[in-house]
Amino acid sequence: MPDHASAANATVALRLAEAFARHGVTLTFGQSLPSAFHLAAPHAGIDQKVYRQENAGGAMADGYARIARKVGVVTAQNGPAATLLVAPLAEALKASIPVLALVQEVTRDATDRNAFQELDHLGLFAPVAKWVRRIDRADRLDDYVDMAFTAACSGRPGPAVLLLPADLLTEAAAPLGGLRPRRLSLGEVPLDRSLADPAAIAAAAEALAIARHPLVIAGGGVHLSGAAAELAALQERAHLPVATTVMGKGAADETHPLTLGIVGYVMGQGARTAALRPMVERADLVLLVGSRTNQNGTDSWKLFGAETRFIHLDADPMEVGRNYEAMRLVGDAKLTLAALTEALAQRDLSARAAARPAIEAEIAEAVTGWRRTVEGVTTRESSPCRPERLMAELDRLIGPEDIVVADASYSSIWIANYLTAKRPGQRFLTPRGIAGLGWGLPMAIGAQIAAPEARVVCLCGDGGFAHSWAELETLRRMELPIVTLVLNNGILGYQKHAEEVKFGEHTKAVFFAAVDHAAIARACGVEGRRVERGSEIGPALAEALAARRPVLLDVLTDPDAKPPISFYAGHYPEPF
């Protein structure tokens, strides 16, 4: 192996790896190219986690970043490999996840000459990244690396893209003596914690103290800020009911008597919060924390009453008041929630304290009623299995430190409604930025790498899992003890059922031939087991979780099972 570490032999690739290490990077998700970087990176203490496909590699970096709250780095070569990063970077952009893509370019002498796999990467990535630059000079490397990490971690976090010509990576590094050395580490989020305007905080505290029916709704920004403890303190000290969006799930402890659960587009019959919609609709003041007020989180902007007023806390000033005019709290959730709690403590909260027993009773009655409603379906021993039975068994077995990752579509909704967040800050990862299928397993791989001691469970449908079968080999090669649960119903459930509601019929694309996913897992060296009856779920799941090795359960599920999506109300018979 060449002596990359020798000062005389130092290349731009080595200096790049050293710059990444300065920002806290200890691993990258990459395949072959840029080879010069991957050969040099171990000399800077950076390990290479090898994916099978770039789309999955981007999702791994995303899952890693969500749990580590550090920049997840993914690499790719020019051309077709780079194009496969577009979808995961779009997810990271919409979900505010700090990901850095390092993409190799053709050599500088071949630029704009129709070189092999040459592509306009600046144009390709511009719509799906906060920041995209090409480094053409060795003496500017640290400048651009620092800009990339700053872009990824500052303000509203998101993806950044660094483009490097292949010949620049092998070029001799710029002399260290001629540069102003950079020493700061900029690779964690939030990079700059800012406190909202104290006057605005005081006004928000006064409004919350005098509101008749205040409500807090926490989004994914609470997790990005690490603000779950501050949210819990606000909830308890100010006697405020708290709900979350799907991405915010886990921001609040769902065993707390003032926690509603998930609100938004998943409040149909069978939802924990179905009977709590009146509490949301009568709210006269809603504090939104780290929420984009997007379509799903607001049930297509129909969730709130016409007279509801809003306070909106977010690090991104452009999101504050975007869909609902609001009192503006522009700042970091952790700092600002703490200041808001302190400001509320200085006010008369007797009205809040007096209202608390009735609010707790209303929430408890709704949750008790929900459990009574779903009892039959969550204990059903039929074949094929009901997803609700699987969720109930999983909820019984997972603890507050466990991480659950879902693929897009129905999988995200099943875990949102049927699993319980057992502490403030418990993590449930869902790709809700643009919600692409196939990201469950690779996101789980990234999450497990970020938290090697945690138990990680991945839930995906057979449609989504088909996008990422190849990463079973990655899972086995890395010996990651992830339990993968495949809901095998032989259809694209969300597409089929939504088409029937919208059009009264469905396309032929929704049906699959029968697939034995357990056999696929075994072929990749992962333990695979088929589960065909509800009564088999509990024992199989307990064994899989106790194994501490990669296990896949292929659960044959009812194709007519539907999560409680508000949009479906009145269109299908309920199973309860």
# chains A, B, ... in the order shown; residues from 1 in each chain; ligands from 1
>>> residues_around(residues="Leu14 (chain A)", least_positions_apart="3", cutoff="6 Å", atoms="only C-alpha atoms", output="list in words")
Thr11, Ala17 and Ala40 of chain A
>>> residues_around(residues="Thr430 (chain A)", least_positions_apart="6", cutoff="7 Å", atoms="only C-alpha atoms", output="VMD selection string")
chain A and resid 247 405 to 408 412
>>> write_last_selection(atoms="C-alpha atoms", output="CSV table (one decimal), in the first residue's frame")
chain,number,residue,atom,x,y,z
A,247,MET,CA,-41.7,12.4,12.1
A,405,VAL,CA,-37.3,2.0,11.6
A,406,ALA,CA,-40.1,1.8,9.0
A,407,ASP,CA,-40.2,1.9,5.3
A,408,ALA,CA,-42.5,4.4,3.6
A,412,SER,CA,-44.7,4.2,8.7
>>> residues_around(residues="region 118-127 of chain A", least_positions_apart="5", cutoff="9 Å", atoms="only C-alpha atoms", output="ChimeraX atom specification")
/A:78-80,82-83,85-86,89-90,103,105-106,110-113,132-134,161,163
>>> residues_around(residues="region 340-345 of chain A", least_positions_apart="6", cutoff="7 Å", atoms="only C-alpha atoms", output="PyMOL selection string")
chain A and resi 201-202+205+209+234+238
>>> write_last_selection(atoms="all heavy atoms", output="PDB file, in the first residue's frame")
ATOM      1  N   ILE A 201     -40.532  35.333  23.045  1.00  0.00           N
ATOM      2  CA  ILE A 201     -40.722  34.252  24.015  1.00  0.00           C
ATOM      3  C   ILE A 201     -41.682  34.695  25.112  1.00  0.00           C
ATOM      4  O   ILE A 201     -42.590  33.954  25.521  1.00  0.00           O
ATOM      5  CB  ILE A 201     -39.367  33.819  24.606  1.00  0.00           C
ATOM      6  CG1 ILE A 201     -38.501  33.157  23.526  1.00  0.00           C
ATOM      7  CG2 ILE A 201     -39.569  32.862  25.782  1.00  0.00           C
ATOM      8  CD1 ILE A 201     -37.075  32.877  23.963  1.00  0.00           C
ATOM      9  N   ALA A 202     -41.497  35.912  25.606  1.00  0.00           N
ATOM     10  CA  ALA A 202     -42.380  36.430  26.653  1.00  0.00           C
ATOM     11  C   ALA A 202     -43.820  36.516  26.157  1.00  0.00           C
ATOM     12  O   ALA A 202     -44.773  36.157  26.879  1.00  0.00           O
ATOM     13  CB  ALA A 202     -41.883  37.802  27.115  1.00  0.00           C
ATOM     14  N   ALA A 205     -45.256  33.004  25.963  1.00  0.00           N
ATOM     15  CA  ALA A 205     -45.570  32.498  27.294  1.00  0.00           C
ATOM     16  C   ALA A 205     -46.881  33.080  27.809  1.00  0.00           C
ATOM     17  O   ALA A 205     -47.718  32.362  28.377  1.00  0.00           O
ATOM     18  CB  ALA A 205     -44.424  32.816  28.257  1.00  0.00           C
ATOM     19  N   ALA A 209     -50.279  30.967  28.643  1.00  0.00           N
ATOM     20  CA  ALA A 209     -50.785  30.985  30.016  1.00  0.00           C
ATOM     21  C   ALA A 209     -52.275  31.342  30.065  1.00  0.00           C
ATOM     22  O   ALA A 209     -53.014  30.841  30.917  1.00  0.00           O
ATOM     23  CB  ALA A 209     -49.983  31.974  30.854  1.00  0.00           C
ATOM     24  N   LEU A 234     -41.557  21.355  29.570  1.00  0.00           N
ATOM     25  CA  LEU A 234     -42.638  22.290  29.253  1.00  0.00           C
ATOM     26  C   LEU A 234     -43.989  21.627  29.478  1.00  0.00           C
ATOM     27  O   LEU A 234     -44.901  22.225  30.086  1.00  0.00           O
ATOM     28  CB  LEU A 234     -42.505  22.747  27.800  1.00  0.00           C
ATOM     29  CG  LEU A 234     -43.646  23.630  27.267  1.00  0.00           C
ATOM     30  CD1 LEU A 234     -43.619  24.996  27.928  1.00  0.00           C
ATOM     31  CD2 LEU A 234     -43.550  23.765  25.745  1.00  0.00           C
ATOM     32  N   ALA A 238     -45.940  23.316  32.653  1.00  0.00           N
ATOM     33  CA  ALA A 238     -47.015  24.206  32.211  1.00  0.00           C
ATOM     34  C   ALA A 238     -48.337  23.476  32.006  1.00  0.00           C
ATOM     35  O   ALA A 238     -49.313  24.083  31.559  1.00  0.00           O
ATOM     36  CB  ALA A 238     -46.609  24.914  30.924  1.00  0.00           C
TER      37      ALA A 238
END
>>> residues_around(residues="Arg282 (chain A)", least_positions_apart="6", cutoff="12 Å", atoms="only C-alpha atoms", output="number ranges by chain")
A: 211-215, 276, 303-309
>>> write_last_selection(atoms="N, CA, C and O atoms", output="mmCIF file, in the first residue's frame")
data_model
loop_
_atom_site.group_PDB
_atom_site.id
_atom_site.type_symbol
_atom_site.label_atom_id
_atom_site.label_comp_id
_atom_site.auth_asym_id
_atom_site.auth_seq_id
_atom_site.Cartn_x
_atom_site.Cartn_y
_atom_site.Cartn_z
ATOM 1 N N ALA A 211 -54.469 31.102 27.345
ATOM 2 C CA ALA A 211 -55.299 30.371 26.389
ATOM 3 C C ALA A 211 -56.252 29.435 27.123
ATOM 4 O O ALA A 211 -55.931 28.885 28.178
ATOM 5 N N ARG A 212 -57.437 29.236 26.569
ATOM 6 C CA ARG A 212 -58.401 28.326 27.197
ATOM 7 C C ARG A 212 -58.078 26.873 26.872
ATOM 8 O O ARG A 212 -58.200 26.002 27.728
ATOM 9 N N HIS A 213 -57.675 26.620 25.618
ATOM 10 C CA HIS A 213 -57.428 25.239 25.201
ATOM 11 C C HIS A 213 -56.123 25.152 24.405
ATOM 12 O O HIS A 213 -56.129 24.900 23.195
ATOM 13 N N PRO A 214 -54.974 25.359 25.057
ATOM 14 C CA PRO A 214 -53.705 25.297 24.321
ATOM 15 C C PRO A 214 -53.302 23.858 24.020
ATOM 16 O O PRO A 214 -53.702 22.921 24.728
ATOM 17 N N LEU A 215 -52.511 23.700 22.973
ATOM 18 C CA LEU A 215 -52.026 22.392 22.554
ATOM 19 C C LEU A 215 -50.639 22.563 21.947
ATOM 20 O O LEU A 215 -50.397 23.532 21.223
ATOM 21 N N LEU A 276 -59.635 11.854 19.801
ATOM 22 C CA LEU A 276 -59.042 13.088 20.310
ATOM 23 C C LEU A 276 -59.055 14.212 19.283
ATOM 24 O O LEU A 276 -58.557 15.301 19.556
ATOM 25 N N LEU A 303 -56.886 20.009 9.756
ATOM 26 C CA LEU A 303 -56.875 19.491 11.119
ATOM 27 C C LEU A 303 -57.396 20.490 12.146
ATOM 28 O O LEU A 303 -58.032 20.103 13.129
ATOM 29 N N PHE A 304 -57.129 21.768 11.949
ATOM 30 C CA PHE A 304 -57.385 22.753 12.997
ATOM 31 C C PHE A 304 -58.679 23.524 12.756
ATOM 32 O O PHE A 304 -59.155 23.643 11.618
ATOM 33 N N GLY A 305 -59.218 24.061 13.848
ATOM 34 C CA GLY A 305 -60.421 24.859 13.749
ATOM 35 C C GLY A 305 -60.155 26.207 13.107
ATOM 36 O O GLY A 305 -59.020 26.693 13.068
ATOM 37 N N ALA A 306 -61.224 26.823 12.631
ATOM 38 C CA ALA A 306 -61.089 28.097 11.907
ATOM 39 C C ALA A 306 -60.567 29.210 12.805
ATOM 40 O O ALA A 306 -59.951 30.169 12.321
ATOM 41 N N GLU A 307 -60.811 29.122 14.102
ATOM 42 C CA GLU A 307 -60.413 30.181 15.027
ATOM 43 C C GLU A 307 -59.086 29.903 15.720
ATOM 44 O O GLU A 307 -58.640 30.692 16.557
ATOM 45 N N THR A 308 -58.440 28.794 15.396
ATOM 46 C CA THR A 308 -57.185 28.441 16.059
ATOM 47 C C THR A 308 -56.084 29.447 15.710
ATOM 48 O O THR A 308 -55.916 29.816 14.544
ATOM 49 N N ARG A 309 -55.370 29.910 16.730
ATOM 50 C CA ARG A 309 -54.189 30.747 16.538
ATOM 51 C C ARG A 309 -52.941 29.903 16.775
ATOM 52 O O ARG A 309 -53.006 28.845 17.418
#
>>> atom_distance(atom1="CA of Leu33 (chain A)", atom2="CA of Pro442 (chain A)")
19.6 Å
>>> closest_residue(among="A:Gly158, A:Gly461, A:Gly436, A:Pro165", to="Asn489 (chain A)", atoms="only C-alpha atoms")
A:Gly461
>>> closest_residue(among="A:Ile210, A:Ala470, A:Leu419, A:Ala129", to="Glu254 (chain A)", atoms="only C-alpha atoms")
A:Leu419
>>> residues_around(residues="Gly221 (chain A)", least_positions_apart="6", cutoff="7 Å", atoms="only C-alpha atoms", output="PyMOL selection string")
chain A and resi 289-291
>>> closest_residue(among="A:Ala351, A:Leu258, A:Ala283, A:Val320", to="Ala364 (chain A)", atoms="only C-alpha atoms")
A:Leu258
>>> decode(residues="region 520-562 of chain A", atoms="N, CA and C atoms", output="CSV table (one decimal), in the first residue's frame")
chain,number,residue,atom,x,y,z
A,520,ILE,N,-35.1,-15.8,0.5
A,520,ILE,CA,-34.1,-14.8,0.1
A,520,ILE,C,-33.1,-14.5,1.2
A,521,ALA,N,-33.6,-14.3,2.4
A,521,ALA,CA,-32.7,-13.9,3.5
A,521,ALA,C,-31.7,-15.1,3.7
A,522,ARG,N,-32.2,-16.3,3.7
A,522,ARG,CA,-31.3,-17.4,4.0
A,522,ARG,C,-30.3,-17.6,2.9
A,523,ALA,N,-30.7,-17.2,1.6
A,523,ALA,CA,-29.7,-17.3,0.5
A,523,ALA,C,-28.6,-16.3,0.7
A,524,CYS,N,-28.9,-15.2,1.5
A,524,CYS,CA,-27.9,-14.2,1.8
A,524,CYS,C,-27.1,-14.4,3.1
A,525,GLY,N,-27.4,-15.5,3.7
A,525,GLY,CA,-26.8,-15.8,5.0
A,525,GLY,C,-27.4,-15.2,6.2
A,526,VAL,N,-28.7,-14.7,6.0
A,526,VAL,CA,-29.4,-14.1,7.2
A,526,VAL,C,-30.5,-15.1,7.6
A,527,GLU,N,-30.7,-15.3,8.9
A,527,GLU,CA,-31.7,-16.2,9.3
A,527,GLU,C,-33.0,-15.8,8.9
A,528,GLY,N,-33.8,-16.6,8.2
A,528,GLY,CA,-35.1,-16.3,7.7
A,528,GLY,C,-36.2,-17.2,8.1
A,529,ARG,N,-37.3,-16.7,8.5
A,529,ARG,CA,-38.4,-17.5,9.0
A,529,ARG,C,-39.7,-17.0,8.5
A,530,ARG,N,-40.6,-17.9,8.1
A,530,ARG,CA,-41.9,-17.5,7.7
A,530,ARG,C,-42.9,-17.6,8.9
A,531,VAL,N,-43.8,-16.6,9.0
A,531,VAL,CA,-44.8,-16.5,10.0
A,531,VAL,C,-46.2,-16.5,9.3
A,532,GLU,N,-47.0,-17.4,9.5
A,532,GLU,CA,-48.3,-17.5,8.7
A,532,GLU,C,-49.5,-17.3,9.6
A,533,ARG,N,-49.4,-17.4,10.9
A,533,ARG,CA,-50.6,-17.3,11.7
A,533,ARG,C,-50.3,-16.3,12.9
A,534,GLY,N,-51.4,-15.6,13.3
A,534,GLY,CA,-51.2,-14.6,14.4
A,534,GLY,C,-50.6,-15.2,15.6
A,535,SER,N,-50.9,-16.4,15.9
A,535,SER,CA,-50.4,-17.1,17.2
A,535,SER,C,-48.9,-17.3,17.1
A,536,GLU,N,-48.4,-17.3,15.9
A,536,GLU,CA,-46.9,-17.6,15.7
A,536,GLU,C,-46.1,-16.3,15.9
A,537,ILE,N,-46.7,-15.2,15.9
A,537,ILE,CA,-45.9,-13.9,15.8
A,537,ILE,C,-45.1,-13.7,17.1
A,538,GLY,N,-45.8,-13.8,18.3
A,538,GLY,CA,-45.1,-13.5,19.5
A,538,GLY,C,-43.9,-14.3,19.8
A,539,PRO,N,-44.0,-15.7,19.7
A,539,PRO,CA,-42.7,-16.5,19.9
A,539,PRO,C,-41.7,-16.2,18.9
A,540,ALA,N,-42.0,-16.0,17.6
A,540,ALA,CA,-41.0,-15.8,16.6
A,540,ALA,C,-40.3,-14.5,16.8
A,541,LEU,N,-41.1,-13.5,17.2
A,541,LEU,CA,-40.6,-12.1,17.4
A,541,LEU,C,-39.7,-12.1,18.6
A,542,ALA,N,-40.1,-12.8,19.7
A,542,ALA,CA,-39.2,-12.8,20.9
A,542,ALA,C,-37.9,-13.5,20.6
A,543,GLU,N,-37.9,-14.6,19.9
A,543,GLU,CA,-36.7,-15.3,19.5
A,543,GLU,C,-35.8,-14.4,18.7
A,544,ALA,N,-36.4,-13.7,17.7
A,544,ALA,CA,-35.6,-12.9,16.8
A,544,ALA,C,-34.9,-11.8,17.6
A,545,LEU,N,-35.7,-11.1,18.5
A,545,LEU,CA,-35.1,-10.0,19.2
A,545,LEU,C,-34.0,-10.5,20.2
A,546,ALA,N,-34.1,-11.7,20.7
A,546,ALA,CA,-33.1,-12.2,21.6
A,546,ALA,C,-31.9,-12.7,21.0
A,547,ALA,N,-32.0,-13.0,19.6
A,547,ALA,CA,-30.9,-13.6,18.9
A,547,ALA,C,-29.6,-12.7,18.8
A,548,ARG,N,-29.8,-11.4,18.7
A,548,ARG,CA,-28.7,-10.5,18.5
A,548,ARG,C,-27.8,-10.8,17.3
A,549,ARG,N,-28.5,-11.2,16.3
A,549,ARG,CA,-27.9,-11.4,15.0
A,549,ARG,C,-29.0,-11.1,13.9
A,550,PRO,N,-28.6,-10.9,12.7
A,550,PRO,CA,-29.6,-10.6,11.6
A,550,PRO,C,-30.6,-11.6,11.5
A,551,VAL,N,-31.9,-11.2,11.6
A,551,VAL,CA,-33.0,-12.2,11.5
A,551,VAL,C,-34.1,-11.5,10.6
A,552,LEU,N,-34.7,-12.2,9.7
A,552,LEU,CA,-35.8,-11.7,8.9
A,552,LEU,C,-37.0,-12.6,9.2
A,553,LEU,N,-38.2,-11.9,9.5
A,553,LEU,CA,-39.4,-12.6,9.6
A,553,LEU,C,-40.3,-12.2,8.5
A,554,ASP,N,-40.7,-13.2,7.7
A,554,ASP,CA,-41.6,-12.9,6.5
A,554,ASP,C,-43.0,-13.2,7.0
A,555,VAL,N,-43.7,-12.2,7.3
A,555,VAL,CA,-45.0,-12.3,8.0
A,555,VAL,C,-46.1,-12.2,6.9
A,556,LEU,N,-46.8,-13.3,6.6
A,556,LEU,CA,-47.9,-13.3,5.6
A,556,LEU,C,-49.1,-12.5,6.2
A,557,THR,N,-49.4,-11.4,5.6
A,557,THR,CA,-50.4,-10.5,6.2
A,557,THR,C,-51.6,-10.3,5.3
A,558,ASP,N,-52.7,-10.0,5.9
A,558,ASP,CA,-54.0,-9.8,5.2
A,558,ASP,C,-53.9,-8.6,4.2
A,559,PRO,N,-54.2,-8.9,3.0
A,559,PRO,CA,-54.1,-7.8,2.0
A,559,PRO,C,-55.2,-6.7,2.1
A,560,ASP,N,-56.2,-7.1,2.9
A,560,ASP,CA,-57.3,-6.1,3.2
A,560,ASP,C,-57.0,-5.2,4.4
A,561,ALA,N,-56.0,-5.5,5.1
A,561,ALA,CA,-55.7,-4.7,6.3
A,561,ALA,C,-55.2,-3.3,5.9
A,562,LYS,N,-55.8,-2.3,6.6
A,562,LYS,CA,-55.5,-0.9,6.2
A,562,LYS,C,-55.2,-0.1,7.5
